[in-house]
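As structure tokens, the structure follows; a few thoughts come after it.
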Amino acid sequence: MSHDAKSPAQAHAHPTGATYLKVAVILTVITIVEVWAYYIPALVASPLFNPSLIIMSAAKFAIVVLFYMHLKYDHKLFKALFTGPLIIAGATILALLFLFAKISL
Amino acid sequence: MASHAIAGHDDGHAHTHHTTTGLDNRKIAIWAFIGSECMLFASLISTYLIYKGKSLVGPYPHTEYTDAAGKVFPAILDIPVTSASTFVLLMSSLAMVLALQAVQLKGTPLPANAGWWTRAQRSSQLWLGMTALLGATFLGFQAYEFTAFVREGLTIKTNLFGSTFFTLTGFHGAHVTVGVLWLMSLLWIDRTRGLGPKDELVVDIAALYWHFVDVVWIVIFTLIYLIQ
Amino acid sequence: MPKLSLRQAASTALTAVALLALSGCGFTEYPNSTFNHHTDFNTAIDALFQRLIFWGTIVFVVVEAGLVYTIIKYRKRPGGPKPRPIHGNAALEITWTVIPALILVLIAIPTVKTIFQTQADAPAGALKVQVIGHQWWWEFRYPELGIVTANELYVPVGRTVEFELTTRDVLHSFWIPQMGGKRDLISNKTNYLWFTPNADLGTSAWNGFCTEYCGSSHANMKFRLYTVQPDEFDSWAKHQASPAVFSTTPAPVTTPVTPVAQVSGADSTAPTPATTIGYVFPRERLETEFPHVIPQTPYPTGLSFDDALLAGGDPARGANEGFMLGGCIGCHAISGVPGAVSEIGPNLTHIASRHTIAGGLFKNDAPTLARWIKNARHMKPGSLMNTIGRGEYDPILKTTNTGGLDDRQIADVVAYLMALK
Amino acid sequence: MATLAAPACATAPASTQSGLWSWIATTDHKRIGTLYLWTALAFFLIGGLEAALIRTQLARPNMGFVSAETYNQLFTMHGTTMVFLAVMPLSAAFFNYLIPLQIGARDVAFPRLNAFSYWVYLLGGIFITLPILFQVAPDGGWFGYAPLTTNQFSSGPNIDFWVIGLQILGVSSLAAAFNFITTIINLRAPGMTLMRMPMFTWMSFVVQFLLILAFPPITVALVFLLMDRFFGTTFYAIAQGADPLLWQHLFWVFGHPEVYILILPAFGLVSEVLPTFSKKPLFGYNVMVYSGIMIGFLGFGVWAHHMFAVGMGAVADSIFSLMTMLIAIPTGVKIFNWIATMWAGEVRFTVPMKFAIALIAMFTIGGISGVMHSSPPADLQQTDSYFVVAHFHYVLFGGSIMGIFAGIYHYYPKITGRFLNERLGNVHFWLNFIGMNLTFFPMHFSGLLGMPRRIYTYDAGQGWDLFNLLATYGTYLLVIATAVFVWNFVRSRTRGAIAGGDPWGAATLEWSIPSPPPEYNFAQIPTVTSRYPLWDLKDPSWHEGEDSHGDTGTPGPSPLREETETHTAKALGIPMPYPTAKPAFAALGLVVMFSGLLFLRNDLFAVAMTVTLGGAAMLIGGLYAWLTSPLE
Ligand code: HEA
Ligand code: HEA
Ligand code: CUA
Ligand SMILES: [Cu+2]
């Protein structure tokens with residue numbers, strides 16, 4: 001990892017404006033689906049409502065991070081700097097929700 | 001003078017000195033900062049979720065509440081408005097990434113037959129301004145939301161929901177505010193001196209911050225607004 | 001470095017010897033020792049703890065002996081061998097990863113077992129006691145028996161007692177070292193703890209403590225536990241459940257204080273007070289056998305009381321005049337006394353049957369009560385009972401009390417309280 | 001302090017700057033490290049003085065030496081001071097001084113941010129400490145459990161100082177952590193791969209991650225408390241249905257990683273000392289690195305072991321118990337590897353070495369009692385008793401403080417160019433060693449014999465008298481020991497024996513340059529080919545006959561050159577950061593901004609606004625001026 005003389009910008013091909021637009025469209029579509037689901041009582045009542053919303057939001061999260069924040073293309077160091085804390089943060093949220101009986105094992 | 005420094009000679013030896021990884025110090029620092037922010041928002045979001053449904057009195061986020069005097073408080077969250085503001089923030093991320101691209105592309109010759117879109121993509125000022133504007137719009141929505149809630153009887157003191165809700169979204173809003181100010185100063189530099197590929201890093205760092213604030217909202221929107 | 005080795009050998013020996021000594025040790029010398037097991041709870045804990053001590057001692061001895069041996073053997077000596085540049089040794093490193101892991105497994109298994117054993121639901125038929133924490137005293141209620149008391153607990157031996165722990169203000173923690181582990185009292189939450197005092201346990205007295213820091217007088221939030229024989233318990237309970245013992249025909253009204261007449265027999269609907277006094281842990285036994293439960297807190301300097309007045313205290317006047325004028329009724333309940341229902345302060349129905357007051361801080365006797373009533377805040381830092389003596393300086397309000405009771409009135413109140421057997 | 005600027009080393013030329021202003025404006029990591037060292041030592045004395053008062057009050061039953069209220073302030077401030085103002089900043093002193101030297105850099109990544117961190121620390125420390133002189137110091141215990149710390153139960157300004165003060169100190173720690181993460185990742189000399197970094201730098205690296213991940217939760221917990229106290233929110237308002245365990249969880253999510261923040265730097269320091277004075281490489285370097293990372297990582301999954309008595313339920317108790325026990329494994333590996341480092345070595349009993357050995361011996365005791373706590377049913381008998389107090393002083397004093405003293409004796413010659421007096425050092429060590437055992441070992445007994453912690457008084461005849469008296473005597477020994485140390489520390493600055501660049505025959509880069517190091521550190525950035533560059537240089541045959549494990553580099557002459565002469569940066573044409581007081585000014589602004597809140601307690605809304613906005617203006621102005629002026 002050390003002495004990677006190339007600057008990251010040159011090291012990897014960046015996506016183009018078109019990719020960014022596509023990503024934006026996907027984000028918009030997911031958001032629309034989310035909000036739409038919110039207004040369908042049958043869906044809200046379903047046990048799959050919460051998990052699917054969480055999955056959709058995680059997908060949006062990942063897309064923005066990978067494409068807009070270029071984590072997909074950037075130096076792996078940044079991936080480590082971001083995913084490490086993210087995992088600890090996620091685990092902490094889960095543990096706290098468990099401890100306060102908001103979720104169970 | 002400001003432009004000179006922010007764009008080139010900030011703290012950190014990156015531009016003049018060799019670094020181990022070849023990466024710029026500031027970019028490493030901002031990623032570490034973002035990692036730290038993950039824990040900050042994790043704590044805030046956990047608190048909101050832990051206290052969800054524990055308020056002794058209303059108003060409540062998703063359900064109606066009738067107080068002792070018989071006064072009815074409707075469910076307080078306004079999903080249509082927040083959906084709109086969420087969309088605005090998402091689009092600001094698009095604008096931001098295009099702003100970065102515009103800065104990177106500065107100086108590369110435009111093909112002769114370039115269409116409006118290709119041209120537009122070269123305008124860093126357009127996209128920086130757009131991002132800041134969308135961010136400010138988001139803040140406007142938030143200001144509207146907050147005042148509406150207060151009018152409807154929910155303040156930061158009312159109940160656990162009020163305290164956690166305003167604090168969580170308030171913290172996020174403060175982050176957006178900082179971001180907007182940051183973008184405006186970049187825009188100002190761009191207008192006075194012009195940002196070019198050599199300033200890529202400066203814009204990149206602001207962009208990373210901005211996108212992070214956006215992804216936090218993605219999580220908040222789902223966990224706080226949509227899930228009941 | 002012989003000095004170091006000596007020191008370490010000594011502390012090794014000390015741990016082993018001292019722990020052994022303490023665990024089987026005399027009652028009076030270490031009256032709050034956690035090594036004794038007088039309950040099922042403590043027996044379970046102690047078995048676990050012995051195992052921890054055993055492995056802990058082995059690890060301690062191995063590490064310290066290895067360390068001392070190494071530094072002595074390989075100390076720099078003239079003509080000593082040249083150090084060998086060893087960078088590591090996978091086999092060794094795996095060994096000292098695996099062995100501790102194995103030890104931990106041997107600790108972990110009984111740990112988890114004991115967790116589930118001690119946190120199971122209490123067996124049916126347990127005596128229920130509600131423990132309510134207050135800044136800085138304990139309220140105990142026996143809901144099935146209709147008893148409300150403070151700072152002193154009675155439980156029968158051989159029967160499981162289940163504590164239901166809540167707090168009226170900040171966090172506290174309930175601990176009787178000789179009976180078992182502690183459990184916190186958490187606002188907006190109910191906790192449970194149960195144990196069974198061994199059936200063969202004689203009638204004895206134990207110390208209990210608040211072990212969660214709860215403000216100024218955290219140190220002064222103690223209580224007593226009396227483990228008594230079942231028949232003694234029944235006698236005690238029956239008496240405690242009855243209204244106040246003190247009963248006078250309404251005293252001739254000397255002062256025009258209005259609520260006077262309500263004190264006793266005046267209210268015909270009030271249940272008749274017990275005529276015989278129930279079981280109380282004998283004071284003489286405490287003094288001879290359980291001196292550690294007798295508070296030794298000295299009176300604070302600067303608080304004086306004319307003790308001669310105490311002999312002449314008139315209980316009836318105390319009940320009818322002092323108790324009202326002093327505002328006691330605003331905070332203290334006395335069963336059988338209409339209007340005296342407040343739960344702010346300890347229930348005083350049978351105050352005279354208790355050996356201690358104020359979170360176990362003081363002995364319960366006339367001179368102490370007098371001083372307590374005169375200036376509780378001087379007696380106990382931060383106390384939420386206000387200063388009642390006339391002309392007394394209230395250390396919290398930082399003012400001098402202009403109303404309140406004079407020494408003679410206090411002496412009457414004390415006489416009244418001492419009559420509430 | 002100004003005298004510090006004058007180098008004591010006779011061979012070093014006069015420093016380019018001196019005087020008070022040069023310290024306020026300095027951006028040199030070594031000077032900032034020195035400032036941290038002095039300040040943190042001062043706070044250590046204050047914390048120790050508080051401890052001595054505590055112990056005096058507890059010497060005998062029913063003592064009236066201090067009042068209950070004073071006592072409660074004393075232990076709260078003792079814990080807070082030792083943790084946040086003494087041990088953490090002492091570690092920070094070494095981060096500052098050593099990390100750039102150990103990795104072959106000229107400074108940290110953000111020199112001015114570094115200065116900012118220091119000034120925030122100093123001013124925040126003063127902010128939180130001063131109130132004790134006026135009897136309004138924080139009195140909620142060092143972990144400030146709600147709801148005791150809310151307005152309802154603590155309506156005075158005491159807790160305000162605590163909430164605001166810790167918030168300020170958090171800024172300092174976080175800023176420093178980002179700085180060091182960047183520095184370690186990015187400013188390593190050529191050839192200084194991650195797995196060649198000195199162990200102190202490695203452990204510090206882990207600590208920086210603990211800092212950036214552990215401080216946000218406490219920041220949030222404190223923000224809630226602050227808003228409850230000043231703006232009437234309901235986070236910990238019992239009447240509104242709040243759950244007091246929220247505070248406890250958020251606090252300990254921070255609090256447990258915090259204890260590893262306190263210990264890992266000390267582990268790093270002894271990992272430098274032990275090889276040096278055994279003339280042997282560190283045993284199992286890789287495993288030492290991984291175990292450090294493991295300790296840090298696992299440290300985030302054990303926090304609720306501080307809450308076994310709150311009634312979390314059997315499942316949660318079990319999980320946290322097992323996770324806690326796991327930590328004993330990587331820690332044990334470290335202990336055994338240290339012993340193995342000395343095994344077959346040539347052990348020299350210098351003062352730093354004695355402290356390092358004492359760390360191994362004493363920390364183990366604390367670790368073992370830690371494992372006893374980790375078993376929840378057993379912990380129910382131990383928690384909030386003096387047994388816990390014994391545990392954490394064995395790890396904190398026997399671990400962190402011993403390690404830090406090892407570091408101070410080891411690096412004092414590097415920092416000042418002079419040795420600390422060996423005789424006084426030995427007196428200090430032995431008094432300290434005996435004193436700490438006399439103070440803290442009896443606490444195991446008083447705890448298991450039923451003595452609760454945080455009590456300002458107790459009755460005679462509870463079986464605790466002897467142990468308390470012994471502990472108090474022990475403390476007085478510690479006071480004497482510390483006084484000897486202070487005397488030595490001050491005196492040796494001007495009178496200690498001159499130390500050369502490499503007085504101990506150590507192996508790492510910081511010893512390849514003069515003592516004290518010149519402002520630019522390395523005239524020529526070194527190229528590193530192994531973990532022990534200086535040993536390679538001085539005795540290329542030192543690792544003959546070794547087994548295959550170590551990264552002892554490529555055969556052939558070492559490219560490293562020892563630097564013996566000191567020049568000025570200017571003469572060498574090395575650009576150095578400009579001195580600037582802007583960071584100090586911004587730090588002042590930050591503290592002023594926060595102090596504005598205090599006026600809200602007396603409903604002085606206008607004053608509060610003025611002070612807060614004034615402070616914010618100073619902060620922003622300072623930041624702006626600093627960010628827009630060139631670094632060097
Ligand atoms: C430097 C700081 C430090 C360190 C390193 C540790 C290390 C450990 N601590 Fe400690 N701890 C504190 C500081 C620290 N602690 C503080 C300040 C408190 C109290 C806070 C307060 O309440 O005010 C506390 C409280 C505390 C508690 C809560 C007690 C209570 O309040 O009821 C617990 C419970 O599990 C605990 C456990 C441990 C464990 C298992 C370790 C382990 O990391 C120890 C591991 C080390 C070893 C075990 C020794 C070496 C290993 C071997 C030689 C291998 C073989 C060993 C075995 C098989 C056992 N600690
Ligand atoms: C790193 C952390 C650290 C360190 C080093 C120490 C060091 C000491 N601590 Fe403690 N301690 C804590 C962290 C630490 N402590 C914490 C976190 C708590 C919990 C607080 C709480 O409950 O909220 C605690 C609590 C605590 C208690 C429990 C209080 C209670 O529960 O009621 C006691 C009691 O004896 C104690 C004693 C001591 C003593 C005697 C020392 C000694 O080792 C001190 C040695 C130092 C000196 C003796 C310096 C003396 C110097 C002078 C006096 C000046 C001389 C002047 C010149 C020469 C100029 N500490
Ligand atoms: Cu109640 Cu401590
Ligand atoms: Cu811990």
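Starting from 1 in every chain, residues are counted up; chains themselves are A, B, ... following the order of the structure tokens, and ligands are numbered from 1 as listed.
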Using only C-alpha atoms, which residues of segment 111-230 of chain C come within 8 Å of segment 372-381 of chain D, and what is the closest atom pair for each, with the distance in Å to one decimal? Give it as CSV, sorted by chain and residue number.
```
residue,atom,partner,partner_atom,distance
C:Thr111,CA,D:Ser375,CA,5.8
C:Thr114,CA,D:Pro377,CA,6.7
C:Ile115,CA,D:Pro377,CA,6.0
C:Thr118,CA,D:Pro377,CA,7.7
C:Pro177,CA,D:Gln381,CA,6.9
C:Gly180,CA,D:Gln381,CA,6.7
C:Gly181,CA,D:Leu380,CA,4.3
C:Lys182,CA,D:Leu380,CA,5.3
C:Arg183,CA,D:Leu380,CA,7.3
```
Would you mind exporting the chosen residues as a PDB file, in the first residue's frame, restricted to C-alpha atoms?
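See again.pdb below for the written result:
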```
ATOM      1  CA  THR C 111     -20.752 -18.217  34.887  1.00  0.00           C
ATOM      2  CA  THR C 114     -25.135 -19.208  37.471  1.00  0.00           C
ATOM      3  CA  ILE C 115     -26.481 -16.198  35.601  1.00  0.00           C
ATOM      4  CA  THR C 118     -29.813 -16.610  39.890  1.00  0.00           C
ATOM      5  CA  PRO C 177     -23.187  -8.409  51.364  1.00  0.00           C
ATOM      6  CA  GLY C 180     -25.819 -12.010  48.065  1.00  0.00           C
ATOM      7  CA  GLY C 181     -25.188  -9.653  45.211  1.00  0.00           C
ATOM      8  CA  LYS C 182     -26.656  -6.258  44.657  1.00  0.00           C
ATOM      9  CA  ARG C 183     -29.290  -4.978  42.297  1.00  0.00           C
TER      10      ARG C 183
END
```
- [ ] Could you tell me, counting only C-alpha atoms and all ligand atoms, which protein and nucleic acid residues lie no more than 6 Å from ligand 3, written as a PyMOL selection string?
- [x] chain C and resi 135-136+172+210-214+218+221
TODO: Step one, run DSSP on the backbone; step two, keep only residues of segment 119-182 of chain B assigned to alpha helix (DSSP H); then write them as a VMD selection string.
DONE: chain B and resid 119 to 121 124 to 151 160 to 182
TODO: Could you give me, as a ChimeraX atom specification, the residues within 10 Å of Tyr39 of chain A, counting only C-alpha atoms and dropping anything in the same chain fewer than 4 positions from it?
DONE: /A:34-35,43-44 /B:79,226
Kindly assemble as JSON lines a list of the chain D residues that lie within 8 Å of ligand 4, each paired with its nearest atom pair and their distance in Å to one decimal, using only C-alpha atoms and all ligand atoms, sorted first by chain and then by ascending residue number.
```
{"residue": "D:Trp252", "atom": "CA", "partner": "ligand 4", "partner_atom_place_in_ligand_line": "1 (Cu)", "distance": 7.4}
{"residue": "D:Gly255", "atom": "CA", "partner": "ligand 4", "partner_atom_place_in_ligand_line": "1 (Cu)", "distance": 6.7}
{"residue": "D:His256", "atom": "CA", "partner": "ligand 4", "partner_atom_place_in_ligand_line": "1 (Cu)", "distance": 4.1}
{"residue": "D:Pro257", "atom": "CA", "partner": "ligand 4", "partner_atom_place_in_ligand_line": "1 (Cu)", "distance": 7.4}
{"residue": "D:Val259", "atom": "CA", "partner": "ligand 4", "partner_atom_place_in_ligand_line": "1 (Cu)", "distance": 6.7}
{"residue": "D:Gly299", "atom": "CA", "partner": "ligand 4", "partner_atom_place_in_ligand_line": "1 (Cu)", "distance": 7.9}
{"residue": "D:Val302", "atom": "CA", "partner": "ligand 4", "partner_atom_place_in_ligand_line": "1 (Cu)", "distance": 6.7}
{"residue": "D:Trp303", "atom": "CA", "partner": "ligand 4", "partner_atom_place_in_ligand_line": "1 (Cu)", "distance": 5.6}
{"residue": "D:Ala304", "atom": "CA", "partner": "ligand 4", "partner_atom_place_in_ligand_line": "1 (Cu)", "distance": 7.7}
{"residue": "D:His305", "atom": "CA", "partner": "ligand 4", "partner_atom_place_in_ligand_line": "1 (Cu)", "distance": 6.2}
{"residue": "D:His306", "atom": "CA", "partner": "ligand 4", "partner_atom_place_in_ligand_line": "1 (Cu)", "distance": 6.0}
```
- [ ] Could you report the residues within 7 Å of ligand 2, using only C-alpha atoms and all ligand atoms, as a PyMOL selection string?
- [x] chain D and resi 44-49+51-52+54-55+75-76+78-80+82-83+87+141-143+389+393+396-397+400-401+436+439+453-456+471+475-476+478-479+482-483+486-487
Open item on the list: What's the separation between atom CA of Phe209 of chain C and atom CA of Trp175 of chain C, in Å to one decimal place?
Closed with: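 Computing the Euclidean distance for atom CA of Phe209 of chain C and atom CA of Trp175 of chain C yields 5.3 Å.
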Task: Pick from D:Ile360, D:Ala616, D:Ile181, D:Leu174 nearest to ligand 1, counting only C-alpha atoms and all ligand atoms - done: D:Ile360
- [ ] In Å, rounded to a single decimal, give me how far atom CA of Tyr209 of chain B is from atom CA of Leu183 of chain B.
- [x] 10.5 Å
Name all residues at most 7 Å from segment 127-142 of chain B (count only C-alpha atoms; drop same-chain ones fewer than 4 positions away) and give them as a PDB file with all heavy atoms, in the first residue's frame.
```
ATOM      1  N   SER B  85     -38.359  17.111   0.398  1.00  0.00           N
ATOM      2  CA  SER B  85     -37.060  17.628   0.835  1.00  0.00           C
ATOM      3  C   SER B  85     -35.990  16.544   0.699  1.00  0.00           C
ATOM      4  O   SER B  85     -34.839  16.823   0.378  1.00  0.00           O
ATOM      5  CB  SER B  85     -37.143  18.166   2.262  1.00  0.00           C
ATOM      6  OG  SER B  85     -37.202  17.118   3.190  1.00  0.00           O
ATOM      7  N   VAL B  88     -34.933  16.603  -2.800  1.00  0.00           N
ATOM      8  CA  VAL B  88     -34.069  17.770  -3.025  1.00  0.00           C
ATOM      9  C   VAL B  88     -32.637  17.469  -2.578  1.00  0.00           C
ATOM     10  O   VAL B  88     -31.665  17.745  -3.287  1.00  0.00           O
ATOM     11  CB  VAL B  88     -34.627  18.991  -2.257  1.00  0.00           C
ATOM     12  CG1 VAL B  88     -33.583  20.095  -2.158  1.00  0.00           C
ATOM     13  CG2 VAL B  88     -35.877  19.508  -2.930  1.00  0.00           C
ATOM     14  N   LEU B  89     -32.513  16.834  -1.429  1.00  0.00           N
ATOM     15  CA  LEU B  89     -31.171  16.562  -0.929  1.00  0.00           C
ATOM     16  C   LEU B  89     -30.470  15.528  -1.807  1.00  0.00           C
ATOM     17  O   LEU B  89     -29.266  15.642  -2.091  1.00  0.00           O
ATOM     18  CB  LEU B  89     -31.246  16.082   0.527  1.00  0.00           C
ATOM     19  CG  LEU B  89     -29.952  16.235   1.314  1.00  0.00           C
ATOM     20  CD1 LEU B  89     -29.529  17.683   1.369  1.00  0.00           C
ATOM     21  CD2 LEU B  89     -30.112  15.703   2.729  1.00  0.00           C
ATOM     22  N   SER B  92     -29.185  17.221  -4.715  1.00  0.00           N
ATOM     23  CA  SER B  92     -28.018  18.056  -4.424  1.00  0.00           C
ATOM     24  C   SER B  92     -26.753  17.206  -4.489  1.00  0.00           C
ATOM     25  O   SER B  92     -25.681  17.681  -4.864  1.00  0.00           O
ATOM     26  CB  SER B  92     -28.156  18.713  -3.056  1.00  0.00           C
ATOM     27  OG  SER B  92     -27.803  17.808  -2.036  1.00  0.00           O
ATOM     28  N   ALA B  95     -25.828  17.096  -8.033  1.00  0.00           N
ATOM     29  CA  ALA B  95     -25.200  18.362  -8.417  1.00  0.00           C
ATOM     30  C   ALA B  95     -23.765  18.430  -7.914  1.00  0.00           C
ATOM     31  O   ALA B  95     -22.848  18.886  -8.598  1.00  0.00           O
ATOM     32  CB  ALA B  95     -26.017  19.532  -7.884  1.00  0.00           C
ATOM     33  N   MET B  96     -23.571  17.934  -6.711  1.00  0.00           N
ATOM     34  CA  MET B  96     -22.238  17.996  -6.103  1.00  0.00           C
ATOM     35  C   MET B  96     -21.246  17.170  -6.897  1.00  0.00           C
ATOM     36  O   MET B  96     -20.120  17.598  -7.176  1.00  0.00           O
ATOM     37  CB  MET B  96     -22.331  17.468  -4.662  1.00  0.00           C
ATOM     38  CG  MET B  96     -21.063  17.594  -3.871  1.00  0.00           C
ATOM     39  SD  MET B  96     -20.688  19.281  -3.398  1.00  0.00           S
ATOM     40  CE  MET B  96     -19.168  19.553  -4.244  1.00  0.00           C
ATOM     41  N   LEU B  98     -21.424  16.383  -9.921  1.00  0.00           N
ATOM     42  CA  LEU B  98     -21.176  17.024 -11.214  1.00  0.00           C
ATOM     43  C   LEU B  98     -20.252  18.227 -11.044  1.00  0.00           C
ATOM     44  O   LEU B  98     -19.437  18.529 -11.929  1.00  0.00           O
ATOM     45  CB  LEU B  98     -22.508  17.442 -11.837  1.00  0.00           C
ATOM     46  CG  LEU B  98     -23.360  16.246 -12.299  1.00  0.00           C
ATOM     47  CD1 LEU B  98     -24.719  16.710 -12.795  1.00  0.00           C
ATOM     48  CD2 LEU B  98     -22.654  15.432 -13.373  1.00  0.00           C
ATOM     49  N   ALA B  99     -20.377  18.896  -9.909  1.00  0.00           N
ATOM     50  CA  ALA B  99     -19.473  20.020  -9.661  1.00  0.00           C
ATOM     51  C   ALA B  99     -18.033  19.540  -9.600  1.00  0.00           C
ATOM     52  O   ALA B  99     -17.120  20.151 -10.170  1.00  0.00           O
ATOM     53  CB  ALA B  99     -19.848  20.713  -8.345  1.00  0.00           C
ATOM     54  N   SER B 123     -19.459  23.413 -16.247  1.00  0.00           N
ATOM     55  CA  SER B 123     -19.605  24.623 -15.436  1.00  0.00           C
ATOM     56  C   SER B 123     -19.600  24.316 -13.928  1.00  0.00           C
ATOM     57  O   SER B 123     -20.622  23.964 -13.351  1.00  0.00           O
ATOM     58  CB  SER B 123     -20.887  25.357 -15.807  1.00  0.00           C
ATOM     59  OG  SER B 123     -21.118  26.373 -14.870  1.00  0.00           O
ATOM     60  N   PHE B 146     -40.095  22.426  11.148  1.00  0.00           N
ATOM     61  CA  PHE B 146     -39.942  22.707  12.574  1.00  0.00           C
ATOM     62  C   PHE B 146     -41.009  23.690  13.052  1.00  0.00           C
ATOM     63  O   PHE B 146     -41.648  23.476  14.079  1.00  0.00           O
ATOM     64  CB  PHE B 146     -38.543  23.284  12.866  1.00  0.00           C
ATOM     65  CG  PHE B 146     -37.459  22.238  12.952  1.00  0.00           C
ATOM     66  CD1 PHE B 146     -37.646  20.960  12.436  1.00  0.00           C
ATOM     67  CD2 PHE B 146     -36.232  22.529  13.536  1.00  0.00           C
ATOM     68  CE1 PHE B 146     -36.664  19.989  12.513  1.00  0.00           C
ATOM     69  CE2 PHE B 146     -35.225  21.564  13.626  1.00  0.00           C
ATOM     70  CZ  PHE B 146     -35.446  20.304  13.104  1.00  0.00           C
ATOM     71  N   GLY B 173     -29.417  18.991  10.375  1.00  0.00           N
ATOM     72  CA  GLY B 173     -29.582  20.297   9.755  1.00  0.00           C
ATOM     73  C   GLY B 173     -28.350  21.171   9.956  1.00  0.00           C
ATOM     74  O   GLY B 173     -27.924  21.893   9.052  1.00  0.00           O
ATOM     75  N   VAL B 176     -25.895  20.216   7.462  1.00  0.00           N
ATOM     76  CA  VAL B 176     -26.221  20.754   6.145  1.00  0.00           C
ATOM     77  C   VAL B 176     -25.842  22.232   6.093  1.00  0.00           C
ATOM     78  O   VAL B 176     -25.286  22.714   5.093  1.00  0.00           O
ATOM     79  CB  VAL B 176     -27.722  20.558   5.826  1.00  0.00           C
ATOM     80  CG1 VAL B 176     -28.079  21.199   4.489  1.00  0.00           C
ATOM     81  CG2 VAL B 176     -28.068  19.078   5.827  1.00  0.00           C
ATOM     82  N   VAL B 180     -23.554  24.021   3.412  1.00  0.00           N
ATOM     83  CA  VAL B 180     -23.970  25.095   2.503  1.00  0.00           C
ATOM     84  C   VAL B 180     -22.960  26.246   2.564  1.00  0.00           C
ATOM     85  O   VAL B 180     -22.543  26.794   1.539  1.00  0.00           O
ATOM     86  CB  VAL B 180     -25.393  25.575   2.853  1.00  0.00           C
ATOM     87  CG1 VAL B 180     -25.725  26.863   2.115  1.00  0.00           C
ATOM     88  CG2 VAL B 180     -26.411  24.497   2.526  1.00  0.00           C
ATOM     89  N   LEU B 183     -19.903  25.255   0.690  1.00  0.00           N
ATOM     90  CA  LEU B 183     -20.097  25.311  -0.753  1.00  0.00           C
ATOM     91  C   LEU B 183     -20.110  26.743  -1.243  1.00  0.00           C
ATOM     92  O   LEU B 183     -19.554  27.066  -2.306  1.00  0.00           O
ATOM     93  CB  LEU B 183     -21.418  24.631  -1.116  1.00  0.00           C
ATOM     94  CG  LEU B 183     -21.373  23.107  -1.011  1.00  0.00           C
ATOM     95  CD1 LEU B 183     -22.780  22.529  -1.013  1.00  0.00           C
ATOM     96  CD2 LEU B 183     -20.560  22.543  -2.158  1.00  0.00           C
ATOM     97  N   MET B 184     -20.710  27.611  -0.445  1.00  0.00           N
ATOM     98  CA  MET B 184     -20.766  29.000  -0.880  1.00  0.00           C
ATOM     99  C   MET B 184     -19.373  29.606  -0.916  1.00  0.00           C
ATOM    100  O   MET B 184     -19.055  30.388  -1.821  1.00  0.00           O
ATOM    101  CB  MET B 184     -21.720  29.787   0.000  1.00  0.00           C
ATOM    102  CG  MET B 184     -23.158  29.560  -0.474  1.00  0.00           C
ATOM    103  SD  MET B 184     -24.471  30.025   0.643  1.00  0.00           S
ATOM    104  CE  MET B 184     -23.938  31.550   1.279  1.00  0.00           C
ATOM    105  N   LEU B 187     -17.839  28.389  -4.007  1.00  0.00           N
ATOM    106  CA  LEU B 187     -18.401  29.092  -5.156  1.00  0.00           C
ATOM    107  C   LEU B 187     -17.770  30.467  -5.299  1.00  0.00           C
ATOM    108  O   LEU B 187     -17.420  30.914  -6.399  1.00  0.00           O
ATOM    109  CB  LEU B 187     -19.920  29.222  -4.967  1.00  0.00           C
ATOM    110  CG  LEU B 187     -20.679  29.899  -6.099  1.00  0.00           C
ATOM    111  CD1 LEU B 187     -20.543  29.113  -7.392  1.00  0.00           C
ATOM    112  CD2 LEU B 187     -22.156  30.043  -5.734  1.00  0.00           C
TER     113      LEU B 187
END
```
Task: Atom pair atom CA of Arg151 of chain B / atom CA of Phe171 of chain B: separation (Å) - done: 21.0 Å
Open item on the list: List the spatial neighbours of segment 84-88 of chain A as a PyMOL selection string - criterion: any atom at most 10 Å away, only C-alpha atoms, same-chain residues fewer than 5 positions off excluded.
Closed with: (chain A and resi 78-79+93-94) or (chain B and resi 32+34-39+42) or (chain D and resi 209-210+212-213+297+300-301)
